[in-house]
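Colleague: Next comes input_34.txt, compact mmCIF, C-alpha atoms:
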```txt
# COMPACT_ATOMS: atom_id res chain seq x y z
CA MET W 86 15.92 6.85 0.90
CA GLU W 87 13.22 7.50 3.47
CA TRP W 88 11.74 5.11 5.93
CA VAL W 89 8.21 4.01 5.37
CA GLU W 90 5.96 2.52 7.94
CA GLY W 91 3.70 -0.46 7.58
CA VAL W 92 0.92 -1.49 9.88
CA GLY W 93 -0.98 -4.75 9.87
CA ASP W 94 -2.62 -7.38 11.98
CA SER W 95 0.67 -9.22 12.21
CA VAL W 96 4.30 -8.31 11.83
CA ASP W 97 4.34 -10.14 8.52
CA ALA W 98 1.35 -8.21 7.26
CA ALA W 99 2.89 -4.94 8.37
CA LYS W 100 6.14 -5.87 6.69
CA GLU W 101 4.31 -6.81 3.55
CA MET W 102 2.67 -3.40 3.45
CA ALA W 103 5.91 -1.55 4.03
CA LEU W 104 7.74 -3.55 1.36
CA GLU W 105 4.94 -3.02 -1.06
CA ALA W 106 5.10 0.70 -0.44
CA LEU W 107 8.82 0.69 -1.09
CA GLY W 108 8.39 -1.47 -4.12
CA VAL W 109 11.31 -3.70 -3.32
CA HIS W 110 11.93 -7.28 -2.33
CA GLU W 111 12.55 -8.11 1.31
CA ASP W 112 16.20 -8.84 0.53
CA ASP W 113 16.72 -5.27 -0.63
CA ALA W 114 15.11 -3.68 2.39
CA GLU W 115 16.04 -3.01 5.96
CA VAL W 116 13.10 -3.72 8.24
CA ASP W 117 12.69 -2.76 11.88
CA ILE W 118 9.87 -4.01 14.01
CA VAL W 119 8.46 -1.02 15.87
CA SER W 120 5.81 -2.90 17.79
CA GLU W 121 4.17 -6.27 17.46
CA ALA W 122 0.45 -6.79 17.23
CA LYS W 123 -1.38 -7.12 20.50
CA VAL W 124 -4.08 -9.66 20.47
CA GLY W 125 -7.05 -9.56 22.77
CA LEU W 126 -9.86 -11.92 23.52
CA PHE W 127 -10.81 -14.34 20.73
CA ASN W 128 -7.68 -13.39 18.78
CA ARG W 129 -9.11 -10.03 18.00
CA VAL W 130 -6.37 -7.59 17.16
CA LYS W 131 -6.21 -4.88 19.79
CA GLU W 132 -3.24 -3.09 18.44
CA ARG W 133 -1.83 -3.58 15.01
CA ALA W 134 1.77 -4.47 14.39
CA ARG W 135 4.01 -1.72 13.08
CA VAL W 136 7.25 -2.03 11.22
CA ARG W 137 9.45 0.50 9.56
CA ALA W 138 11.43 -0.24 6.45
CA ARG W 139 13.65 1.44 3.97
CA VAL W 140 15.48 0.40 0.88
CA ARG W 141 18.80 -1.02 1.99
CA PRO W 142 21.37 1.65 1.28
CA ALA W 143 23.61 -0.06 -1.25
CA THR W 144 25.65 2.93 -2.35
CA PRO W 145 26.65 6.15 -0.65
CA ARG W 146 24.00 8.81 -0.81
CA THR W 147 23.86 10.55 -4.13
CA LYS W 148 23.94 14.28 -4.62
CA ASP W 149 20.37 14.07 -5.70
CA ASP W 150 19.43 12.54 -2.40
CA HIS W 151 21.05 15.36 -0.47
CA ARG W 152 19.31 17.95 -2.53
CA ARG W 153 15.90 16.41 -1.93
CA ARG W 154 16.39 16.32 1.78
CA ARG W 155 17.43 19.91 1.94
CA GLY W 156 14.39 20.84 -0.09
CA ARG W 157 12.24 19.50 2.67
CA ALA W 158 14.06 21.19 5.51
CA GLY W 159 11.73 22.87 7.93
CA ASN W 160 9.20 20.11 7.93
CA GLY W 161 10.37 16.67 6.96
CA GLY W 162 13.99 17.59 6.51
CA VAL W 163 15.14 16.08 9.75
CA GLN W 164 13.05 13.00 9.39
CA PRO W 165 15.68 10.53 8.22
CA ALA W 166 18.00 11.31 11.12
CA LYS W 167 15.18 10.96 13.59
CA ALA W 168 14.17 7.74 12.02
CA LYS W 169 17.62 6.38 12.65
CA ASN W 170 17.53 7.44 16.26
CA ARG W 171 14.19 5.91 16.75
CA SER W 172 15.15 2.65 15.18
CA GLY W 173 18.16 2.77 17.45
CA GLU W 174 15.85 3.02 20.42
CA VAL W 175 13.80 0.13 19.25
CA ARG W 176 16.90 -1.90 18.65
CA GLY W 177 18.24 -1.02 22.08
CA GLN W 178 15.10 -2.22 23.71
CA THR W 179 15.15 -5.49 21.95
CA GLY W 180 18.69 -6.13 23.05
CA THR W 181 20.75 -5.81 19.89
CA LYS W 182 22.81 -2.73 19.30
CA ASP W 183 24.49 -3.40 16.04
CA GLY W 184 25.10 -0.65 13.53
CA ALA W 185 22.72 0.83 11.05
CA VAL W 186 23.73 -1.47 8.21
CA ARG W 187 23.19 -5.09 8.99
CA SER W 188 23.36 -8.26 7.03
CA ASP W 189 20.31 -10.34 6.31
CA SER W 190 21.21 -12.96 8.86
CA GLN W 191 21.70 -10.36 11.56
CA LYS W 192 18.40 -8.83 10.71
CA ALA W 193 16.64 -12.16 10.86
CA THR W 194 18.25 -12.96 14.18
CA ARG W 195 17.19 -9.66 15.59
CA ALA W 196 13.64 -10.12 14.46
CA SER W 197 13.39 -13.51 16.06
CA GLU W 198 15.02 -12.23 19.23
CA THR W 199 12.39 -9.55 19.40
CA LYS W 200 9.71 -12.14 19.13
CA SER W 201 11.15 -14.51 21.66
CA GLN W 202 11.84 -11.72 24.11
CA LYS W 203 8.34 -10.45 23.91
CA ALA W 204 7.06 -13.95 24.25
CA ASN W 205 9.22 -14.40 27.33
CA SER W 206 8.05 -11.22 28.94
CA ALA W 207 4.45 -12.15 28.22
CA ARG W 208 4.97 -15.59 29.69
CA SER W 209 6.70 -14.37 32.83
CA ALA W 210 3.99 -11.83 33.41
CA GLY W 211 1.33 -14.46 33.08
CA GLY W 212 -2.03 -13.57 31.61
CA HIS W 213 -1.45 -9.89 32.02
CA GLY W 214 1.53 -9.75 29.74
CA ASN W 215 -0.01 -7.27 27.39
CA ARG W 216 -1.19 -4.98 30.08
CA ASN W 217 2.14 -4.97 31.84
CA ARG W 218 3.85 -4.19 28.61
CA ASN W 219 1.69 -1.15 28.23
CA GLN W 220 2.80 0.16 31.56
CA ASN W 221 6.41 -0.47 30.76
CA GLY W 222 7.67 3.02 30.00
CA GLY W 223 10.64 1.87 28.01
CA ARG W 224 8.65 -0.10 25.50
CA GLU W 225 6.04 2.51 24.95
CA ALA W 226 8.51 5.34 24.56
CA ALA W 227 9.33 4.59 20.96
CA PRO W 228 5.83 4.63 19.49
CA LYS W 229 4.91 7.71 21.48
CA SER W 230 7.89 9.73 20.40
CA ARG W 231 7.14 8.71 16.85
CA ASP W 232 3.64 10.07 17.01
CA ASP W 233 4.82 13.28 18.58
CA ASN W 234 7.79 13.98 16.39
CA MET W 235 7.07 12.48 13.07
CA GLU W 236 4.70 14.40 10.96
CA THR W 237 1.73 12.23 10.41
CA MET W 238 -0.15 13.35 7.39
CA THR W 239 -3.82 13.26 8.22
CA LEU W 240 -6.23 11.34 6.04
CA PRO W 241 -7.95 14.51 4.76
CA GLU W 242 -4.54 15.87 3.77
CA GLN W 243 -3.83 12.64 1.93
CA ALA W 244 -7.23 12.86 0.30
CA ASP W 245 -6.32 16.35 -0.94
CA ILE W 246 -3.16 14.97 -2.54
CA ALA W 247 -5.13 12.11 -4.08
CA GLU W 248 -7.70 14.49 -5.55
CA ALA W 249 -5.00 16.77 -6.91
CA PHE W 250 -3.35 13.79 -8.59
CA VAL W 251 -6.58 12.55 -10.14
CA THR W 252 -7.53 16.05 -11.28
CA GLY W 253 -4.23 16.28 -13.12
CA LEU W 254 -4.62 12.78 -14.50
CA ALA W 255 -8.11 13.55 -15.78
CA ALA W 256 -6.77 16.71 -17.41
CA ALA W 257 -4.14 14.59 -19.17
CA PHE W 258 -7.04 12.45 -20.40
CA GLY W 259 -8.78 15.63 -21.54
CA GLU W 260 -11.56 15.26 -18.97
CA SER W 261 -12.68 17.22 -15.95
CA VAL W 262 -13.88 15.53 -12.80
CA THR W 263 -15.53 16.21 -9.47
CA PHE W 264 -15.11 14.34 -6.21
CA ASP W 265 -17.43 12.88 -3.65
CA ARG W 266 -15.57 12.20 -0.44
CA THR W 267 -16.80 9.77 2.23
CA GLU W 268 -15.12 9.05 5.51
CA VAL W 269 -15.74 5.34 5.83
CA ASP W 270 -14.12 5.24 9.27
CA GLU W 271 -11.19 6.88 10.97
CA ASN W 272 -8.79 4.81 8.88
CA GLU W 273 -10.34 5.13 5.46
CA ILE W 274 -11.54 7.82 3.13
CA ARG W 275 -13.20 6.80 -0.07
CA ILE W 276 -13.41 9.25 -2.93
CA VAL W 277 -15.80 8.63 -5.78
CA VAL W 278 -14.72 10.37 -8.96
CA ASN W 279 -17.50 11.74 -11.14
CA GLY W 280 -17.38 13.17 -14.63
CA GLU W 281 -19.03 13.09 -18.01
CA ASN W 282 -16.83 10.85 -20.09
CA LEU W 283 -15.19 8.54 -17.61
CA GLY W 284 -15.41 5.43 -19.79
CA ARG W 285 -11.72 5.39 -20.64
CA MET W 286 -10.76 6.02 -17.02
CA ILE W 287 -12.88 3.11 -15.84
CA GLY W 288 -11.98 0.53 -18.45
CA ARG W 289 -13.27 -2.98 -18.96
CA ARG W 290 -14.41 -4.47 -15.68
CA GLY W 291 -13.03 -1.41 -13.93
CA ALA W 292 -9.46 -2.36 -14.83
CA THR W 293 -8.35 1.21 -15.43
CA ALA W 294 -10.19 2.44 -12.35
CA SER W 295 -8.32 0.00 -10.13
CA ALA W 296 -5.05 0.87 -11.86
CA ILE W 297 -5.72 4.51 -10.98
CA ASP W 298 -6.37 3.55 -7.36
CA GLU W 299 -3.07 1.70 -7.35
CA LEU W 300 -1.29 4.75 -8.75
CA VAL W 301 -2.90 6.98 -6.12
CA ARG W 302 -1.52 4.69 -3.46
CA THR W 303 1.94 4.95 -4.99
CA VAL W 304 1.70 8.73 -5.27
CA LEU W 305 0.63 9.02 -1.65
CA GLN W 306 3.51 6.86 -0.60
CA ARG W 307 5.82 9.14 -2.51
CA GLN W 308 4.32 12.45 -1.41
CA ALA W 309 2.98 11.72 2.04
CA GLY W 310 5.98 9.64 3.06
CA GLY W 311 6.48 7.49 6.10
CA GLY W 312 4.08 9.24 8.45
CA ARG W 313 1.19 8.05 6.37
CA GLU W 314 -1.62 6.26 8.12
CA GLY W 315 -4.92 4.92 6.96
CA ARG W 316 -6.02 4.51 3.41
CA VAL W 317 -7.42 6.79 0.76
CA ARG W 318 -9.23 4.96 -1.98
CA ILE W 319 -10.12 6.43 -5.31
CA ASP W 320 -13.17 4.95 -6.97
CA VAL W 321 -13.54 6.22 -10.54
CA GLY W 322 -17.16 6.22 -11.56
CA GLY W 323 -18.15 4.47 -8.34
CA VAL W 324 -17.51 1.06 -9.89
CA ALA W 325 -15.50 -0.28 -6.98
CA GLY W 326 -18.28 0.62 -4.56
CA ARG W 327 -20.88 -1.19 -6.65
CA ARG W 328 -18.63 -4.18 -7.05
CA GLU W 329 -18.07 -4.33 -3.31
CA GLU W 330 -21.77 -4.16 -2.65
CA ALA W 331 -22.31 -7.09 -5.02
CA LEU W 332 -19.59 -9.00 -3.19
CA ARG W 333 -21.30 -8.33 0.14
CA VAL W 334 -24.59 -9.64 -1.19
CA PHE W 335 -22.78 -12.75 -2.38
CA CYS W 336 -21.19 -13.12 1.09
CA ARG W 337 -24.57 -13.08 2.79
CA LYS W 338 -25.68 -15.96 0.57
CA VAL W 339 -22.54 -17.95 1.27
CA ALA W 340 -22.89 -17.34 5.02
CA GLU W 341 -26.42 -18.64 4.89
CA GLN W 342 -25.31 -21.72 3.03
CA VAL W 343 -22.56 -22.45 5.55
CA ARG W 344 -24.98 -22.00 8.46
CA GLU W 345 -27.51 -24.35 6.91
CA THR W 346 -25.16 -27.10 5.80
CA GLY W 347 -22.54 -26.74 8.55
CA LYS W 348 -19.94 -27.30 5.85
CA GLU W 349 -17.16 -24.96 4.92
CA VAL W 350 -17.14 -23.21 1.57
CA ALA W 351 -13.94 -22.27 -0.20
CA LEU W 352 -14.36 -19.17 -2.31
CA GLU W 353 -12.45 -18.61 -5.51
CA SER W 354 -9.13 -16.83 -5.24
CA MET W 355 -9.36 -13.07 -4.95
CA ARG W 356 -7.05 -10.14 -4.59
CA GLY W 357 -6.37 -8.83 -1.10
CA SER W 358 -8.81 -5.94 -1.18
CA ASP W 359 -11.66 -8.27 -2.11
CA ARG W 360 -10.68 -10.75 0.57
CA LYS W 361 -10.86 -7.95 3.10
CA VAL W 362 -14.41 -7.19 2.01
CA VAL W 363 -15.26 -10.87 2.50
CA HIS W 364 -13.64 -11.04 5.95
CA ASP W 365 -15.45 -7.89 7.03
CA ALA W 366 -18.78 -9.05 5.65
CA MET W 367 -18.47 -12.45 7.30
CA ALA W 368 -17.48 -10.87 10.60
CA SER W 369 -20.94 -9.37 10.86
CA GLU W 370 -22.62 -12.69 10.05
CA GLU W 371 -23.67 -15.03 12.81
CA GLY W 372 -22.35 -18.56 12.94
CA VAL W 373 -19.55 -18.30 10.42
CA GLY W 374 -15.86 -17.54 10.45
CA THR W 375 -13.20 -17.08 7.82
CA ILE W 376 -9.71 -18.31 7.17
CA SER W 377 -7.39 -17.53 4.28
CA GLU W 378 -5.29 -20.12 2.55
CA GLY W 379 -2.83 -20.28 -0.31
CA GLU W 380 -0.45 -17.70 -1.60
CA ASP W 381 -1.18 -14.69 -3.74
CA PRO W 382 -2.32 -14.52 -6.47
CA ASN W 383 -4.18 -17.73 -5.62
CA ARG W 384 -4.96 -16.88 -2.02
CA ARG W 385 -8.56 -17.45 -1.13
CA VAL W 386 -10.99 -17.22 1.72
CA VAL W 387 -12.61 -20.28 3.19
CA VAL W 388 -15.85 -19.67 5.04
CA VAL W 389 -16.21 -22.11 7.92
CA PRO W 390 -18.91 -22.81 10.50
CA ALA W 391 -18.32 -20.82 13.69
CA GLY W 392 -15.88 -22.38 16.12
CA ASN W 393 -13.75 -23.91 13.39
CA ASP W 394 -11.88 -20.79 12.53
CA ASP W 395 -8.78 -21.23 14.61
CA MET Q 102 -4.50 12.44 -31.06
CA SER Q 103 -4.98 9.44 -28.85
CA ALA Q 104 -1.26 8.78 -29.03
CA ASP Q 105 -0.52 12.25 -27.72
CA SER Q 106 -2.96 11.71 -24.93
CA ALA Q 107 -1.18 8.48 -23.98
CA LYS Q 108 2.16 10.24 -23.91
CA THR Q 109 0.80 13.11 -21.82
CA VAL Q 110 -0.74 10.70 -19.32
CA CYS Q 111 2.42 8.60 -19.17
CA GLU Q 112 4.59 11.63 -18.50
CA TYR Q 113 2.22 12.99 -15.89
CA VAL Q 114 1.92 9.75 -13.94
CA VAL Q 115 5.62 8.92 -13.94
CA LYS Q 116 6.53 12.43 -12.80
CA GLN Q 117 4.10 12.17 -9.91
CA ILE Q 118 5.64 8.93 -8.72
CA VAL Q 119 9.38 9.54 -8.97
CA GLY Q 120 11.62 11.44 -6.59
CA ASP Q 121 13.19 13.47 -9.38
CA PRO Q 122 10.53 14.60 -11.87
CA ASP Q 123 13.01 16.68 -13.87
CA ALA Q 124 14.91 13.55 -14.84
CA VAL Q 125 11.86 11.91 -16.42
CA GLY Q 126 11.86 11.49 -20.15
CA VAL Q 127 9.23 9.89 -22.39
CA ALA Q 128 10.19 9.26 -26.00
CA MET Q 129 7.44 8.26 -28.38
CA SER Q 130 8.00 6.31 -31.54
CA GLU Q 131 5.41 5.04 -33.93
CA ASP Q 132 5.44 2.32 -36.53
CA ALA Q 133 2.98 0.11 -38.34
CA SER Q 134 2.44 -2.15 -35.33
CA GLY Q 135 1.62 0.69 -32.94
CA ILE Q 136 3.09 3.18 -30.55
CA ARG Q 137 6.03 2.75 -28.29
CA LEU Q 138 6.82 4.91 -25.28
CA ASP Q 139 10.32 4.67 -23.85
CA VAL Q 140 10.38 5.97 -20.31
CA THR Q 141 13.62 7.01 -18.63
CA VAL Q 142 13.88 8.08 -14.99
CA GLY Q 143 16.61 9.38 -12.72
CA ASP Q 144 18.96 7.26 -10.63
CA GLY Q 145 17.17 5.28 -7.98
CA ASP Q 146 13.68 5.98 -9.28
CA MET Q 147 13.34 2.84 -11.40
CA GLY Q 148 12.20 0.83 -8.39
CA ARG Q 149 9.37 3.26 -7.74
CA VAL Q 150 7.97 3.16 -11.26
CA ILE Q 151 8.19 -0.61 -11.45
CA GLY Q 152 7.09 -1.46 -7.94
CA LYS Q 153 6.91 -4.76 -6.20
CA ARG Q 154 6.26 -7.55 -8.70
CA GLY Q 155 5.84 -4.87 -11.34
CA ARG Q 156 2.55 -3.69 -9.92
CA VAL Q 157 3.13 0.00 -10.44
CA ALA Q 158 4.48 -0.59 -13.95
CA MET Q 159 1.38 -2.62 -14.79
CA ALA Q 160 -0.88 0.12 -13.45
CA ILE Q 161 0.98 2.71 -15.51
CA ARG Q 162 0.60 0.58 -18.66
CA THR Q 163 -3.09 0.06 -18.03
CA VAL Q 164 -3.76 3.75 -17.56
CA VAL Q 165 -1.59 4.79 -20.51
CA ARG Q 166 -3.34 2.32 -22.83
CA ALA Q 167 -6.69 3.60 -21.62
CA ALA Q 168 -5.60 7.11 -22.53
CA GLY Q 169 -4.68 5.87 -25.99
CA HIS Q 170 -8.10 4.36 -26.53
CA ASP Q 171 -10.05 6.11 -29.23
CA THR Q 172 -13.61 6.42 -27.97
CA ASP Q 173 -14.97 7.72 -31.28
CA THR Q 174 -14.00 4.64 -33.22
CA ASP Q 175 -13.72 2.40 -30.15
CA THR Q 176 -10.31 1.19 -31.24
CA ASP Q 177 -7.31 0.38 -29.13
CA THR Q 178 -4.01 1.44 -30.56
CA LYS Q 179 -1.30 -0.97 -29.56
CA ILE Q 180 0.85 0.88 -27.04
CA GLU Q 181 4.04 -0.46 -25.58
CA VAL Q 182 5.44 1.23 -22.49
CA GLU Q 183 9.06 0.34 -21.84
CA PHE Q 184 11.00 1.45 -18.81
CA VAL Q 185 14.52 1.95 -20.00
CA ASP Q 186 17.35 1.52 -17.55
```
Kindly transcribe the structure held in the file into structure tokens.
Modeller:
Amino acid sequence: MEWVEGVGDSVDAAKEMALEALGVHEDDAEVDIVSEAKVGLFNRVKERARVRARVRPATPRTKDDHRRRRGRAGNGGVQPAKAKNRSGEVRGQTGTKDGAVRSDSQKATRASETKSQKANSARSAGGHGNRNRNQNGGREAAPKSRDDNMETMTLPEQADIAEAFVTGLAAAFGESVTFDRTEVDENEIRIVVNGENLGRMIGRRGATASAIDELVRTVLQRQAGGGREGRVRIDVGGVAGRREEALRVFCRKVAEQVRETGKEVALESMRGSDRKVVHDAMASEEGVGTISEGEDPNRRVVVVPAGNDD
Amino acid sequence: MSADSAKTVCEYVVKQIVGDPDAVGVAMSEDASGIRLDVTVGDGDMGRVIGKRGRVAMAIRTVVRAAGHDTDTDTDTKIEVEFVD
């Protein structure tokens, strides 16, 4: 089973992403913290946290597993071994050198050691903890070697895979489609899918369209593997884009209300992707901040007057 | 017609997600209450098709049911997708 990598604004968020990609519960996964998030002024995230995870090997590798790896020789074939070495490096740096298979409690201990050690080093170095850590060759070695050695599939390459998948899917539906690709930023490509009879592929309230986006994510995880970065989103019929725009308009109204009344407003619970739209929209509004509360699927954003968001 | 489309879509999607596409099987059965698709996958691929909290499985069901929708008569055939261990 390959390693997958998760990135996020916190170690927990990164872990969440990696586990989601693997499709397993935390108990069934082995998680290594590659690097923690670095936070700059005003708690802005300067560098996102990275973790690597794989499904905990429960049984010896199957024949099938061997065959798949050999099939990839030449490009990704050596990846798993490298991954182990790298995680070894990371482990070495954080002070624990136990074997590749660890128990849950060991893992938890290691994770907390990592945290406390980093905290210590930051404390001892005073306010320049982050900067000093950057100059520390040992700590930076792991992420650098990863970028150099591990094949990182570029976003356009991922977008090609996504389009190929959706083309095949549309064919299975008996439809033909065209694509309209937009690079939102360096971390996101959005692909609007156009076609004549997309009704079935959109579904009521865009339910099928978002299911297709979910499947694309899964396919990319499968086919692009651990070196995957950024996000390719598939928007069948452009419904997600229109929905997002409506959400942004709504956010502007809420922001105005919070500014005028000085009182916080709790929005209804939303899925993560919608919450992100809200956070982003509110970030560009003056005088308001956002916090999230509750647990999925009931997690929601609370819009607060500026200065109350920490 | 729509049932065939659902089966085709189901097969296509599952094969794209698993590590061993050759091991994927989709058996369709039909009775008065609707259509049933029994999906089998190779060793170790069940986790991929089900996903965390069943998210991938739900997405597969949604897409497969959409494929089974008859746009001419605007009727939804009842389609069950079971992942058989």
Colleague: Could you please select, counting all atoms listed in the file, the residues of chain Q within 6 Å of chain W and state them as a list in words?
Modeller: Thr109, Val110, Ile118, Gly152, Lys153, Ala160, Thr163, Val164, Ala167 and Ala168 of chain Q
Colleague: Could you jot down the atom CA of Gly291 of chain W to atom CA of Ala325 of chain W separation for me, Å, one decimal place?
Modeller: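 Result for atom CA of Gly291 of chain W versus atom CA of Ala325 of chain W: 7.5 Å, one decimal.
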Colleague: Please identify all polymer residues within 9 Å of Cys111 of chain Q, counting all atoms listed in the file, omitting same-chain residues fewer than 5 positions from it, and present them as a PyMOL selection string.
Modeller: (chain W and resi 257) or (chain Q and resi 106+116+127+138+140+161-162+164-165+168+182)
Colleague: What does the structure give for the distance between atom CA of Ile276 of chain W and atom CA of Thr239 of chain W, in Å to one decimal?
Modeller: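 According to the coordinates, atom CA of Ile276 of chain W and atom CA of Thr239 of chain W are separated by 15.2 Å.
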Colleague: Could you work out an axis-aligned bounding box for all listed atoms of segment 102-120 of chain Q, with 8 Å added on each of the six sides, and give its centre and edge lengths in Å to one decimal, as lines of an AutoDock Vina configuration file?
Modeller:
```
center_x = 3.3
center_y = 10.8
center_z = -18.8
size_x = 32.6
size_y = 20.6
size_z = 40.5
```
Colleague: Provide the atom CA of Arg327 of chain W to atom CA of Val362 of chain W distance in Å, to one decimal place.
Modeller: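 Here the two named atoms are 12.4 Å from each other.
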